[in-house]
Amino acid sequence: MTQDQAFAFAILIGLMVAFIWGRFRYDLIAVLALLAAVFTGIVPHKAAFSGFGDDIVIIVASALVVSGAIERSGVIEAFLHRVGPKVTSLQGQVVILVGAVTVLSIFIKNIGALSMMIPVAFQMARRSKASPSSFLMPMAFGSLLGGLITLVGTSPNIVVSQMREELTGHPFNMFDFTPVGAGIAAAGVVFLAFGYRLLPRDRQAAPTMEKALNIKDYMTEARVTATSSVNGKSIRHLSALLDEEVLVTGLVRNQVERMISLPDLILCQGDIVLLEGDPQALERGIRRARLELEGHNRSTQAKGVDEEIAGIEVVIGPKSVLIGQTAKRLALHERFNINLLAVSRSSKRFTERLRDIALRPGDVLVLKGDLVLLPTKLMELGLLPLAGREIRLGNPRRGLVPVVVLAGAMALTAFGLLPVATAFFTAAVLTVLLGSLSLREAYEAIDWPILIMLGALIPVSESIRTTGGADLIAGGLAQLASALPLYGALAMIMVVAMAATPFLNNAATVLVVAPIAVTLAQRLGYSPDAFLMAVAVGAACDFLTPVGHQCNTLVLGPGGYRFGDYWKLGLPLSFIVVLLGVPLILLFWPPV
């Protein structure tokens, strides 16, 4: 073993120990590993930051932006709202949720697909009086399975594709992963449809600060327009669209206010309905009924170039100038360039117009304005912002626009008209230009720690190959594999990747294991494609811990899970992946 190889192995071992220890976050660990590789000389100074310009980083970042746009579009929620109420059994709901998140993960990053489906799962859990723990872990596993099917579904596929391009000059295409991934995903979904019974059903999430501050009784106004789905329909029809999350508390017709007492009253164009619920439920209900939120279209833009218009929750302080005033009397929009979208007061149900409510200390408001200017305006008005949470009430969505953009990007790459990085970077830019995401939301959609980790570890993983370290490890594995049939060698690589993922993170696992797998394939005289596929599948399928993949981590708190819960459902699913994945790889990617 040479000195450079010793340094490479020491850094690799140190990387794994640091990940297992968990004292520092994975992006910081990756940066420290990069510095160690540079100062020991195994990564040249000129190549130290080459990873940050790699196509892998661009593709992952762009895919996250497009995923964020689709999440905010509401298209999937609208579809599930039609299907969900018809399914009342717990097993049926599990199938719908797991199936939906699996299909979504085919087209967008699996973390984005899971994020958009978690609120839907909580709605179903409330409706069926079930614990979210029955849904969330199967959904997380479904998102990992769906990510296997296309290039952009999960980071390991992207990394493996780029490594194949470096080796052969040809990356894996968008749907090269589909034959293997679809078979594994289908079997996994069938298992999860029954295997969810292995999970505890009485777990509840620990209360969070956001939950403690969750205001459920906001009152807002929405107008019936010519294009509203409830135009010419009854109040009962509107209430059905709103589910049980939002109440219709009043109606304004021809400037006359009235309490809602007749569910058969027919709504007409120009009617204003008074609605009560939390901001997220109000936003969903208004979108479903295609109502127009009162006040959202009044201009709040300043003349600067960096304005960001968004909603914010505030509470009226004891010395606020709003006390005793109404929004109409104070001319809140005209004087302060702020729109009042909703008001909440403890144990109070409003029946008057939003603009006519006399405000009191302690009232909670949803305001819409320029985020650059809002802090100054809030101080001037004596308002105190609440803990930050995303408020989309009053922010229009672009429906099918991001879906069309994503479909276009996938088509361009599938037909070889554009490289993946170029196509998805273009798609990310278009989602912003077309209004599907603001610039602020686009930057928030990007998982920056993951990008830092990828950019830092790419040169480190390359050093394992350039120093000959991959040859040494592959030589040892080749001795083991020589006594095994071909499927045994593939299974060994898949299990190695699957075992390393909880400690290294799935993308980091590919960066470390893929060069070893390629060298092993060459030593055994096989094509590397099958072994790269095995690495991609193994690295993407961490079902045993909550820390190996972000999707598993995302449901840990909301599902109230414990570390050991993942083994109960994940271990049999891991066996299914290996037992089915290896023959599928041999069938569609024969290495000889």
# chains A, B, ... in the order shown; residues from 1 in each chain; ligands from 1
$ select_by_dssp --residues "range 270-451 of chain A" --states "helix (DSSP H, G or I)" --output "VMD selection string"
chain A and resid 279 to 288 327 to 330 332 to 336 354 to 356 374 to 381 401 to 414 420 to 433 439 to 445 448 to 451
$ closest_residue --among "A:Lys377, A:Arg23, A:Arg345, A:Arg440" --to "Gly362 in chain A" --atoms "only C-alpha atoms"
A:Arg345
$ closest_residue --among "A:Ile111, A:Ala140, A:Val230, A:Ile20" --to "Glu71 in chain A" --atoms "only C-alpha atoms"
A:Ile111
$ residues_around --residues "range 342-344 of chain A" --least-positions-apart "5" --cutoff "6 Å" --atoms "only C-alpha atoms" --output "PyMOL selection string"
chain A and resi 217-220+363-366
$ residues_around --residues "Val152 in chain A" --least-positions-apart "2" --cutoff "8 Å" --atoms "only C-alpha atoms" --output "list in words"
Ile59, Val60, Ala63, Ile106, Phe107, Ile108, Lys109, Gly147, Thr150, Thr154, Ser155, Asn157, Ile158 and Met174 of chain A
$ write_last_selection --atoms "all heavy atoms" --output "CSV table (one decimal), in the first residue's frame"
chain,number,residue,atom,x,y,z
A,59,ILE,N,-27.8,19.2,-11.8
A,59,ILE,CA,-29.0,18.4,-12.0
A,59,ILE,C,-29.8,18.3,-10.7
A,59,ILE,O,-31.0,18.4,-10.7
A,59,ILE,CB,-28.6,17.0,-12.6
A,59,ILE,CG1,-28.0,17.1,-13.9
A,59,ILE,CG2,-29.9,16.1,-12.6
A,59,ILE,CD1,-27.4,15.8,-14.4
A,60,VAL,N,-29.1,18.0,-9.6
A,60,VAL,CA,-29.8,17.8,-8.3
A,60,VAL,C,-30.5,19.1,-7.9
A,60,VAL,O,-31.7,19.1,-7.6
A,60,VAL,CB,-28.9,17.3,-7.2
A,60,VAL,CG1,-29.5,17.4,-5.9
A,60,VAL,CG2,-28.4,15.9,-7.5
A,63,ALA,N,-33.5,19.8,-10.3
A,63,ALA,CA,-34.6,18.9,-10.0
A,63,ALA,C,-35.4,19.3,-8.8
A,63,ALA,O,-36.6,19.2,-8.7
A,63,ALA,CB,-34.1,17.5,-9.9
A,106,ILE,N,-41.3,9.1,-9.6
A,106,ILE,CA,-40.8,8.8,-11.0
A,106,ILE,C,-40.3,10.0,-11.7
A,106,ILE,O,-39.4,10.0,-12.4
A,106,ILE,CB,-41.8,8.0,-11.8
A,106,ILE,CG1,-42.2,6.7,-11.1
A,106,ILE,CG2,-41.3,7.8,-13.2
A,106,ILE,CD1,-43.3,6.0,-11.8
A,107,PHE,N,-41.1,11.1,-11.5
A,107,PHE,CA,-40.9,12.3,-12.3
A,107,PHE,C,-40.2,13.4,-11.6
A,107,PHE,O,-39.6,14.3,-12.3
A,107,PHE,CB,-42.3,12.8,-12.8
A,107,PHE,CG,-43.1,11.7,-13.5
A,107,PHE,CD1,-44.1,11.1,-12.9
A,107,PHE,CD2,-42.7,11.3,-14.8
A,107,PHE,CE1,-44.9,10.1,-13.6
A,107,PHE,CE2,-43.4,10.3,-15.4
A,107,PHE,CZ,-44.5,9.7,-14.8
A,108,ILE,N,-40.3,13.5,-10.3
A,108,ILE,CA,-39.6,14.5,-9.5
A,108,ILE,C,-38.8,13.9,-8.4
A,108,ILE,O,-38.9,12.7,-8.1
A,108,ILE,CB,-40.6,15.6,-9.0
A,108,ILE,CG1,-41.6,14.9,-8.0
A,108,ILE,CG2,-41.4,16.3,-10.1
A,108,ILE,CD1,-42.5,15.8,-7.4
A,109,LYS,N,-37.9,14.7,-7.8
A,109,LYS,CA,-37.0,14.2,-6.8
A,109,LYS,C,-37.9,13.6,-5.7
A,109,LYS,O,-38.9,14.2,-5.3
A,109,LYS,CB,-36.2,15.3,-6.2
A,109,LYS,CG,-35.0,15.7,-7.1
A,109,LYS,CD,-33.9,14.7,-6.9
A,109,LYS,CE,-33.2,14.9,-5.6
A,109,LYS,NZ,-32.1,13.9,-5.4
A,147,GLY,N,-38.2,6.5,-6.9
A,147,GLY,CA,-37.1,7.2,-7.3
A,147,GLY,C,-36.1,6.3,-8.2
A,147,GLY,O,-35.3,6.8,-8.9
A,150,THR,N,-36.5,6.5,-12.7
A,150,THR,CA,-36.0,7.4,-13.7
A,150,THR,C,-34.7,8.0,-13.2
A,150,THR,O,-34.4,8.0,-12.0
A,150,THR,CB,-37.0,8.5,-14.0
A,150,THR,OG1,-37.3,9.2,-12.8
A,150,THR,CG2,-38.2,8.0,-14.7
A,154,THR,N,-33.9,10.1,-8.0
A,154,THR,CA,-33.1,10.1,-6.8
A,154,THR,C,-31.7,10.4,-7.2
A,154,THR,O,-31.2,10.2,-8.3
A,154,THR,CB,-33.2,8.7,-6.1
A,154,THR,OG1,-32.5,8.8,-4.9
A,154,THR,CG2,-32.6,7.6,-7.0
A,155,SER,N,-30.9,11.0,-6.2
A,155,SER,CA,-29.6,11.4,-6.4
A,155,SER,C,-28.6,10.2,-6.9
A,155,SER,O,-27.8,10.5,-7.7
A,155,SER,CB,-29.0,12.1,-5.2
A,155,SER,OG,-29.8,13.2,-4.9
A,157,ASN,N,-29.1,7.8,-8.8
A,157,ASN,CA,-29.2,7.5,-10.3
A,157,ASN,C,-28.4,8.6,-11.0
A,157,ASN,O,-27.7,8.3,-12.0
A,157,ASN,CB,-30.6,7.5,-10.7
A,157,ASN,CG,-31.4,6.3,-10.2
A,157,ASN,OD1,-30.8,5.4,-9.5
A,157,ASN,ND2,-32.7,6.2,-10.5
A,158,ILE,N,-28.5,9.8,-10.6
A,158,ILE,CA,-27.8,10.9,-11.3
A,158,ILE,C,-26.3,10.7,-11.2
A,158,ILE,O,-25.6,10.9,-12.1
A,158,ILE,CB,-28.2,12.3,-10.7
A,158,ILE,CG1,-29.7,12.5,-10.9
A,158,ILE,CG2,-27.4,13.4,-11.3
A,158,ILE,CD1,-30.3,13.7,-10.1
A,174,MET,N,-32.6,8.9,-19.5
A,174,MET,CA,-33.7,9.1,-18.5
A,174,MET,C,-34.4,7.9,-18.1
A,174,MET,O,-34.7,7.7,-16.9
A,174,MET,CB,-34.7,10.1,-19.1
A,174,MET,CG,-35.9,10.5,-18.3
A,174,MET,SD,-35.4,11.3,-16.7
A,174,MET,CE,-34.8,12.9,-17.5
$ residues_around --residues "range 242-253 of chain A" --least-positions-apart "2" --cutoff "7 Å" --atoms "only C-alpha atoms" --output "ChimeraX atom specification"
/A:238-240,255-260,271-277,281-282,285,351
$ write_last_selection --atoms "C-alpha atoms" --output "short mmCIF file (atom, residue, chain, number, x, y, z; two decimals), in the first residue's frame"
data_model
loop_
_atom_site.label_atom_id
_atom_site.label_comp_id
_atom_site.auth_asym_id
_atom_site.auth_seq_id
_atom_site.Cartn_x
_atom_site.Cartn_y
_atom_site.Cartn_z
CA LEU A 238 -69.18 24.67 -1.46
CA SER A 239 -68.99 23.12 2.01
CA ALA A 240 -68.34 19.71 0.46
CA GLN A 255 -73.31 44.83 -0.13
CA VAL A 256 -75.71 43.16 2.32
CA GLU A 257 -74.19 40.85 4.94
CA ARG A 258 -76.00 37.80 6.20
CA MET A 259 -75.30 34.75 8.32
CA ILE A 260 -75.28 31.43 6.47
CA ASP A 271 -71.07 36.94 -3.99
CA ILE A 272 -68.47 37.16 -1.24
CA VAL A 273 -68.32 34.24 1.19
CA LEU A 274 -66.80 34.55 4.66
CA LEU A 275 -64.63 31.52 5.44
CA GLU A 276 -62.99 30.30 8.66
CA GLY A 277 -60.05 27.89 9.01
CA ALA A 281 -56.83 24.83 4.69
CA LEU A 282 -58.23 28.15 3.46
CA GLY A 285 -60.36 25.29 -0.23
CA THR A 351 -69.72 37.64 10.66
#
$ select_by_dssp --residues "range 251-498 of chain A" --states "strand (DSSP E)" --output "number ranges by chain"
A: 251-253, 256-259, 272-277, 292-293, 309-316, 339-344, 364-370, 383-385
$ closest_atom_pairs --of "range 508-555 of chain A" --to "range 571-587 of chain A" --cutoff "9 Å" --atoms "only C-alpha atoms" --output "JSON lines"
{"residue": "A:Ala530", "atom": "CA", "partner": "A:Ile585", "partner_atom": "CA", "distance": 6.1}
{"residue": "A:Phe531", "atom": "CA", "partner": "A:Ile585", "partner_atom": "CA", "distance": 8.7}
{"residue": "A:Met533", "atom": "CA", "partner": "A:Ile585", "partner_atom": "CA", "distance": 7.1}
{"residue": "A:Ala534", "atom": "CA", "partner": "A:Val582", "partner_atom": "CA", "distance": 7.4}
{"residue": "A:Val537", "atom": "CA", "partner": "A:Gly581", "partner_atom": "CA", "distance": 7.7}
{"residue": "A:Gly538", "atom": "CA", "partner": "A:Val578", "partner_atom": "CA", "distance": 8.1}
{"residue": "A:Cys541", "atom": "CA", "partner": "A:Ser574", "partner_atom": "CA", "distance": 7.3}
{"residue": "A:Asp542", "atom": "CA", "partner": "A:Ser574", "partner_atom": "CA", "distance": 7.9}
{"residue": "A:Phe543", "atom": "CA", "partner": "A:Ser574", "partner_atom": "CA", "distance": 6.7}
{"residue": "A:Leu544", "atom": "CA", "partner": "A:Leu571", "partner_atom": "CA", "distance": 6.3}
$ write_last_selection --atoms "all heavy atoms" --output "tab-separated table (two decimals), in the first residue's frame"
chain	number	residue	atom	x	y	z
A	530	ALA	N	-24.03	-3.39	-15.27
A	530	ALA	CA	-24.83	-4.12	-14.29
A	530	ALA	C	-24.40	-3.80	-12.86
A	530	ALA	O	-25.23	-3.66	-11.96
A	530	ALA	CB	-24.71	-5.62	-14.55
A	531	PHE	N	-23.10	-3.64	-12.64
A	531	PHE	CA	-22.60	-3.35	-11.30
A	531	PHE	C	-22.95	-1.92	-10.88
A	531	PHE	O	-23.23	-1.66	-9.72
A	531	PHE	CB	-21.09	-3.60	-11.25
A	531	PHE	CG	-20.73	-5.05	-11.28
A	531	PHE	CD1	-20.72	-5.77	-12.47
A	531	PHE	CD2	-20.43	-5.73	-10.11
A	531	PHE	CE1	-20.40	-7.12	-12.50
A	531	PHE	CE2	-20.11	-7.08	-10.12
A	531	PHE	CZ	-20.10	-7.78	-11.31
A	533	MET	N	-25.64	-0.38	-11.90
A	533	MET	CA	-27.07	-0.47	-11.57
A	533	MET	C	-27.26	-1.03	-10.16
A	533	MET	O	-28.12	-0.57	-9.39
A	533	MET	CB	-27.79	-1.36	-12.58
A	533	MET	CG	-28.17	-0.67	-13.87
A	533	MET	SD	-29.57	0.42	-13.61
A	533	MET	CE	-29.61	1.26	-15.21
A	534	ALA	N	-26.47	-2.03	-9.80
A	534	ALA	CA	-26.58	-2.61	-8.46
A	534	ALA	C	-26.24	-1.58	-7.39
A	534	ALA	O	-26.89	-1.52	-6.34
A	534	ALA	CB	-25.67	-3.83	-8.35
A	537	VAL	N	-29.23	0.92	-7.10
A	537	VAL	CA	-30.36	0.34	-6.37
A	537	VAL	C	-30.04	0.24	-4.88
A	537	VAL	O	-30.84	0.63	-4.02
A	537	VAL	CB	-30.72	-1.04	-6.95
A	537	VAL	CG1	-31.75	-1.75	-6.05
A	537	VAL	CG2	-31.27	-0.90	-8.36
A	538	GLY	N	-28.87	-0.29	-4.56
A	538	GLY	CA	-28.51	-0.45	-3.15
A	538	GLY	C	-28.42	0.87	-2.42
A	538	GLY	O	-28.90	1.00	-1.28
A	541	CYS	N	-31.88	2.48	-1.61
A	541	CYS	CA	-32.83	1.70	-0.82
A	541	CYS	C	-32.36	1.54	0.62
A	541	CYS	O	-32.04	0.43	1.06
A	541	CYS	CB	-33.07	0.34	-1.47
A	541	CYS	SG	-33.93	0.43	-3.04
A	542	ASP	N	-32.32	2.63	1.35
A	542	ASP	CA	-32.03	2.54	2.78
A	542	ASP	C	-33.36	2.53	3.52
A	542	ASP	O	-33.99	3.57	3.71
A	542	ASP	CB	-31.19	3.72	3.25
A	542	ASP	CG	-31.05	3.73	4.76
A	542	ASP	OD1	-31.06	2.65	5.36
A	542	ASP	OD2	-30.96	4.82	5.35
A	543	PHE	N	-33.79	1.35	3.92
A	543	PHE	CA	-35.05	1.22	4.65
A	543	PHE	C	-34.84	0.89	6.13
A	543	PHE	O	-35.81	0.62	6.83
A	543	PHE	CB	-35.90	0.11	4.01
A	543	PHE	CG	-36.13	0.27	2.54
A	543	PHE	CD1	-35.70	-0.71	1.65
A	543	PHE	CD2	-36.77	1.38	2.04
A	543	PHE	CE1	-35.92	-0.57	0.28
A	543	PHE	CE2	-37.00	1.53	0.69
A	543	PHE	CZ	-36.57	0.56	-0.20
A	544	LEU	N	-33.59	0.89	6.57
A	544	LEU	CA	-33.30	0.36	7.91
A	544	LEU	C	-33.11	1.42	8.97
A	544	LEU	O	-33.18	1.11	10.16
A	544	LEU	CB	-32.05	-0.53	7.85
A	544	LEU	CG	-32.11	-1.70	6.86
A	544	LEU	CD1	-30.81	-2.49	6.90
A	544	LEU	CD2	-33.30	-2.60	7.15
$ residues_around --residues "Val513 in chain A" --least-positions-apart "6" --cutoff "12 Å" --atoms "only C-alpha atoms" --output "PyMOL selection string"
chain A and resi 12+156+159-160+163+461-462+464-465+469-471+473-474+477+492-501+504-507+519-520+531-536+538-539
$ write_last_selection --atoms "N, CA and C atoms" --output "JSON list (two decimals), in the first residue's frame"
[["chain", "number", "residue", "atom", "x", "y", "z"],
["A", 12, "LEU", "N", -11.32, 8.02, 4.04],
["A", 12, "LEU", "CA", -12.58, 7.29, 3.86],
["A", 12, "LEU", "C", -13.08, 6.73, 5.18],
["A", 156, "PRO", "N", -28.72, 9.03, -6.27],
["A", 156, "PRO", "CA", -27.82, 7.96, -6.72],
["A", 156, "PRO", "C", -27.87, 7.69, -8.22],
["A", 159, "VAL", "N", -25.82, 10.39, -9.98],
["A", 159, "VAL", "CA", -24.38, 10.22, -9.77],
["A", 159, "VAL", "C", -23.86, 9.05, -10.58],
["A", 160, "VAL", "N", -24.60, 7.93, -10.56],
["A", 160, "VAL", "CA", -24.18, 6.75, -11.32],
["A", 160, "VAL", "C", -24.13, 7.06, -12.82],
["A", 163, "MET", "N", -21.02, 8.97, -13.60],
["A", 163, "MET", "CA", -19.84, 8.11, -13.53],
["A", 163, "MET", "C", -19.73, 7.22, -14.77],
["A", 461, "SER", "N", -13.94, 11.20, -3.75],
["A", 461, "SER", "CA", -14.21, 9.88, -4.31],
["A", 461, "SER", "C", -13.30, 9.60, -5.51],
["A", 462, "GLU", "N", -13.02, 10.64, -6.28],
["A", 462, "GLU", "CA", -12.12, 10.47, -7.41],
["A", 462, "GLU", "C", -10.71, 10.08, -6.94],
["A", 464, "ILE", "N", -9.92, 8.21, -4.47],
["A", 464, "ILE", "CA", -9.86, 6.78, -4.14],
["A", 464, "ILE", "C", -9.51, 5.97, -5.38],
["A", 465, "ARG", "N", -9.99, 6.43, -6.54],
["A", 465, "ARG", "CA", -9.67, 5.73, -7.78],
["A", 465, "ARG", "C", -8.27, 6.08, -8.28],
["A", 469, "GLY", "N", -6.64, 3.08, -4.67],
["A", 469, "GLY", "CA", -7.35, 2.50, -3.54],
["A", 469, "GLY", "C", -8.52, 1.63, -3.97],
["A", 470, "ALA", "N", -9.23, 2.08, -5.02],
["A", 470, "ALA", "CA", -10.35, 1.28, -5.51],
["A", 470, "ALA", "C", -9.87, -0.07, -6.01],
["A", 471, "ASP", "N", -8.67, -0.10, -6.61],
["A", 471, "ASP", "CA", -8.13, -1.37, -7.11],
["A", 471, "ASP", "C", -7.86, -2.34, -5.96],
["A", 473, "ILE", "N", -9.36, -2.43, -2.93],
["A", 473, "ILE", "CA", -10.62, -2.94, -2.38],
["A", 473, "ILE", "C", -11.26, -3.92, -3.35],
["A", 474, "ALA", "N", -11.24, -3.55, -4.64],
["A", 474, "ALA", "CA", -11.84, -4.42, -5.64],
["A", 474, "ALA", "C", -11.12, -5.76, -5.72],
["A", 477, "LEU", "N", -12.49, -7.82, -2.93],
["A", 477, "LEU", "CA", -13.84, -8.26, -3.25],
["A", 477, "LEU", "C", -13.83, -9.29, -4.38],
["A", 492, "MET", "N", -23.66, -9.05, -3.82],
["A", 492, "MET", "CA", -22.67, -8.56, -2.86],
["A", 492, "MET", "C", -22.49, -7.05, -2.98],
["A", 493, "ILE", "N", -22.36, -6.54, -4.23],
["A", 493, "ILE", "CA", -22.19, -5.10, -4.43],
["A", 493, "ILE", "C", -23.43, -4.34, -3.97],
["A", 494, "MET", "N", -24.60, -4.88, -4.29],
["A", 494, "MET", "CA", -25.84, -4.21, -3.88],
["A", 494, "MET", "C", -25.95, -4.14, -2.37],
["A", 495, "VAL", "N", -25.61, -5.23, -1.70],
["A", 495, "VAL", "CA", -25.68, -5.25, -0.23],
["A", 495, "VAL", "C", -24.64, -4.32, 0.39],
["A", 496, "VAL", "N", -23.44, -4.27, -0.21],
["A", 496, "VAL", "CA", -22.41, -3.34, 0.28],
["A", 496, "VAL", "C", -22.91, -1.91, 0.21],
["A", 497, "ALA", "N", -23.51, -1.54, -0.94],
["A", 497, "ALA", "CA", -24.05, -0.18, -1.09],
["A", 497, "ALA", "C", -25.19, 0.06, -0.11],
["A", 498, "MET", "N", -26.05, -0.93, 0.06],
["A", 498, "MET", "CA", -27.19, -0.79, 0.97],
["A", 498, "MET", "C", -26.73, -0.65, 2.42],
["A", 499, "ALA", "N", -25.64, -1.38, 2.76],
["A", 499, "ALA", "CA", -25.13, -1.33, 4.13],
["A", 499, "ALA", "C", -24.40, -0.03, 4.41],
["A", 500, "ALA", "N", -23.76, 0.56, 3.39],
["A", 500, "ALA", "CA", -23.00, 1.79, 3.59],
["A", 500, "ALA", "C", -23.88, 3.02, 3.65],
["A", 501, "THR", "N", -25.05, 2.97, 3.00],
["A", 501, "THR", "CA", -25.90, 4.16, 2.88],
["A", 501, "THR", "C", -26.31, 4.76, 4.21],
["A", 504, "LEU", "N", -23.19, 6.83, 5.20],
["A", 504, "LEU", "CA", -22.55, 7.78, 4.30],
["A", 504, "LEU", "C", -23.51, 8.73, 3.61],
["A", 505, "ASN", "N", -24.83, 8.49, 3.68],
["A", 505, "ASN", "CA", -25.81, 9.20, 2.86],
["A", 505, "ASN", "C", -25.79, 8.57, 1.47],
["A", 506, "ASN", "N", -26.93, 8.50, 0.81],
["A", 506, "ASN", "CA", -27.02, 7.71, -0.42],
["A", 506, "ASN", "C", -26.14, 8.24, -1.54],
["A", 507, "ALA", "N", -26.09, 9.57, -1.73],
["A", 507, "ALA", "CA", -25.25, 10.11, -2.80],
["A", 507, "ALA", "C", -23.77, 9.88, -2.50],
["A", 519, "THR", "N", -14.27, -1.22, -10.87],
["A", 519, "THR", "CA", -12.99, -1.94, -10.89],
["A", 519, "THR", "C", -13.21, -3.44, -10.69],
["A", 520, "LEU", "N", -14.15, -3.79, -9.79],
["A", 520, "LEU", "CA", -14.47, -5.21, -9.57],
["A", 520, "LEU", "C", -14.99, -5.84, -10.86],
["A", 531, "PHE", "N", -23.10, -3.64, -12.64],
["A", 531, "PHE", "CA", -22.60, -3.35, -11.30],
["A", 531, "PHE", "C", -22.95, -1.92, -10.88],
["A", 532, "LEU", "N", -22.93, -0.99, -11.84],
["A", 532, "LEU", "CA", -23.37, 0.38, -11.53],
["A", 532, "LEU", "C", -24.85, 0.41, -11.18],
["A", 533, "MET", "N", -25.64, -0.38, -11.90],
["A", 533, "MET", "CA", -27.07, -0.47, -11.57],
["A", 533, "MET", "C", -27.26, -1.03, -10.16],
["A", 534, "ALA", "N", -26.47, -2.03, -9.80],
["A", 534, "ALA", "CA", -26.58, -2.61, -8.46],
["A", 534, "ALA", "C", -26.24, -1.58, -7.39],
["A", 535, "VAL", "N", -25.21, -0.76, -7.66],
["A", 535, "VAL", "CA", -24.85, 0.30, -6.71],
["A", 535, "VAL", "C", -25.99, 1.31, -6.58],
["A", 536, "ALA", "N", -26.58, 1.70, -7.72],
["A", 536, "ALA", "CA", -27.67, 2.69, -7.70],
["A", 536, "ALA", "C", -28.86, 2.17, -6.88],
["A", 538, "GLY", "N", -28.87, -0.29, -4.56],
["A", 538, "GLY", "CA", -28.51, -0.45, -3.15],
["A", 538, "GLY", "C", -28.42, 0.87, -2.42],
["A", 539, "ALA", "N", -27.82, 1.88, -3.05],
["A", 539, "ALA", "CA", -27.64, 3.18, -2.39],
["A", 539, "ALA", "C", -28.97, 3.90, -2.22]]
$ closest_residue --among "A:Ala310, A:Ile452, A:Ala489, A:Leu267" --to "Leu32 in chain A" --atoms "only C-alpha atoms"
A:Ile452
$ atom_distance --atom1 "CA of Phe588 in chain A" --atom2 "CA of Gly146 in chain A"
18.3 Å
$ atom_distance --atom1 "CA of Arg290 in chain A" --atom2 "CA of Thr227 in chain A"
7.0 Å
$ closest_residue --among "A:Gly53, A:Thr431, A:Gly112, A:Ser161" --to "Leu406 in chain A" --atoms "only C-alpha atoms"
A:Thr431
$ atom_distance --atom1 "CA of Pro375 in chain A" --atom2 "CA of Ala222 in chain A"
27.1 Å
$ residues_around --residues "Ala226 in chain A" --least-positions-apart "2" --cutoff "9 Å" --atoms "only C-alpha atoms" --output "JSON, numbers by chain"
{"A": [224, 228, 229, 231, 268, 269, 270]}
$ decode --residues "range 451-480 of chain A" --atoms "C-alpha atoms" --output "PDB file, in the first residue's frame"
ATOM      1  CA  LEU A 451     -25.169  20.225  -2.814  1.00  0.00           C
ATOM      2  CA  ILE A 452     -22.222  21.176  -0.606  1.00  0.00           C
ATOM      3  CA  MET A 453     -21.730  17.530   0.324  1.00  0.00           C
ATOM      4  CA  LEU A 454     -21.830  16.437  -3.315  1.00  0.00           C
ATOM      5  CA  GLY A 455     -19.447  19.148  -4.476  1.00  0.00           C
ATOM      6  CA  ALA A 456     -16.971  18.354  -1.701  1.00  0.00           C
ATOM      7  CA  LEU A 457     -17.055  14.562  -2.003  1.00  0.00           C
ATOM      8  CA  ILE A 458     -16.734  14.284  -5.785  1.00  0.00           C
ATOM      9  CA  PRO A 459     -12.956  15.054  -5.723  1.00  0.00           C
ATOM     10  CA  VAL A 460     -12.537  12.862  -2.617  1.00  0.00           C
ATOM     11  CA  SER A 461     -14.210   9.879  -4.310  1.00  0.00           C
ATOM     12  CA  GLU A 462     -12.119  10.468  -7.413  1.00  0.00           C
ATOM     13  CA  SER A 463      -8.968  10.318  -5.270  1.00  0.00           C
ATOM     14  CA  ILE A 464      -9.859   6.784  -4.136  1.00  0.00           C
ATOM     15  CA  ARG A 465      -9.666   5.729  -7.785  1.00  0.00           C
ATOM     16  CA  THR A 466      -6.630   7.805  -8.825  1.00  0.00           C
ATOM     17  CA  THR A 467      -4.518   6.598  -5.887  1.00  0.00           C
ATOM     18  CA  GLY A 468      -5.305   2.965  -6.695  1.00  0.00           C
ATOM     19  CA  GLY A 469      -7.349   2.498  -3.537  1.00  0.00           C
ATOM     20  CA  ALA A 470     -10.349   1.280  -5.509  1.00  0.00           C
ATOM     21  CA  ASP A 471      -8.127  -1.372  -7.106  1.00  0.00           C
ATOM     22  CA  LEU A 472      -7.066  -2.656  -3.697  1.00  0.00           C
ATOM     23  CA  ILE A 473     -10.620  -2.938  -2.376  1.00  0.00           C
ATOM     24  CA  ALA A 474     -11.842  -4.418  -5.638  1.00  0.00           C
ATOM     25  CA  GLY A 475      -9.054  -6.972  -5.512  1.00  0.00           C
ATOM     26  CA  GLY A 476     -10.226  -8.172  -2.115  1.00  0.00           C
ATOM     27  CA  LEU A 477     -13.840  -8.260  -3.252  1.00  0.00           C
ATOM     28  CA  ALA A 478     -12.799 -10.072  -6.441  1.00  0.00           C
ATOM     29  CA  GLN A 479     -11.306 -12.879  -4.362  1.00  0.00           C
ATOM     30  CA  LEU A 480     -14.633 -13.237  -2.578  1.00  0.00           C
TER      31      LEU A 480
END
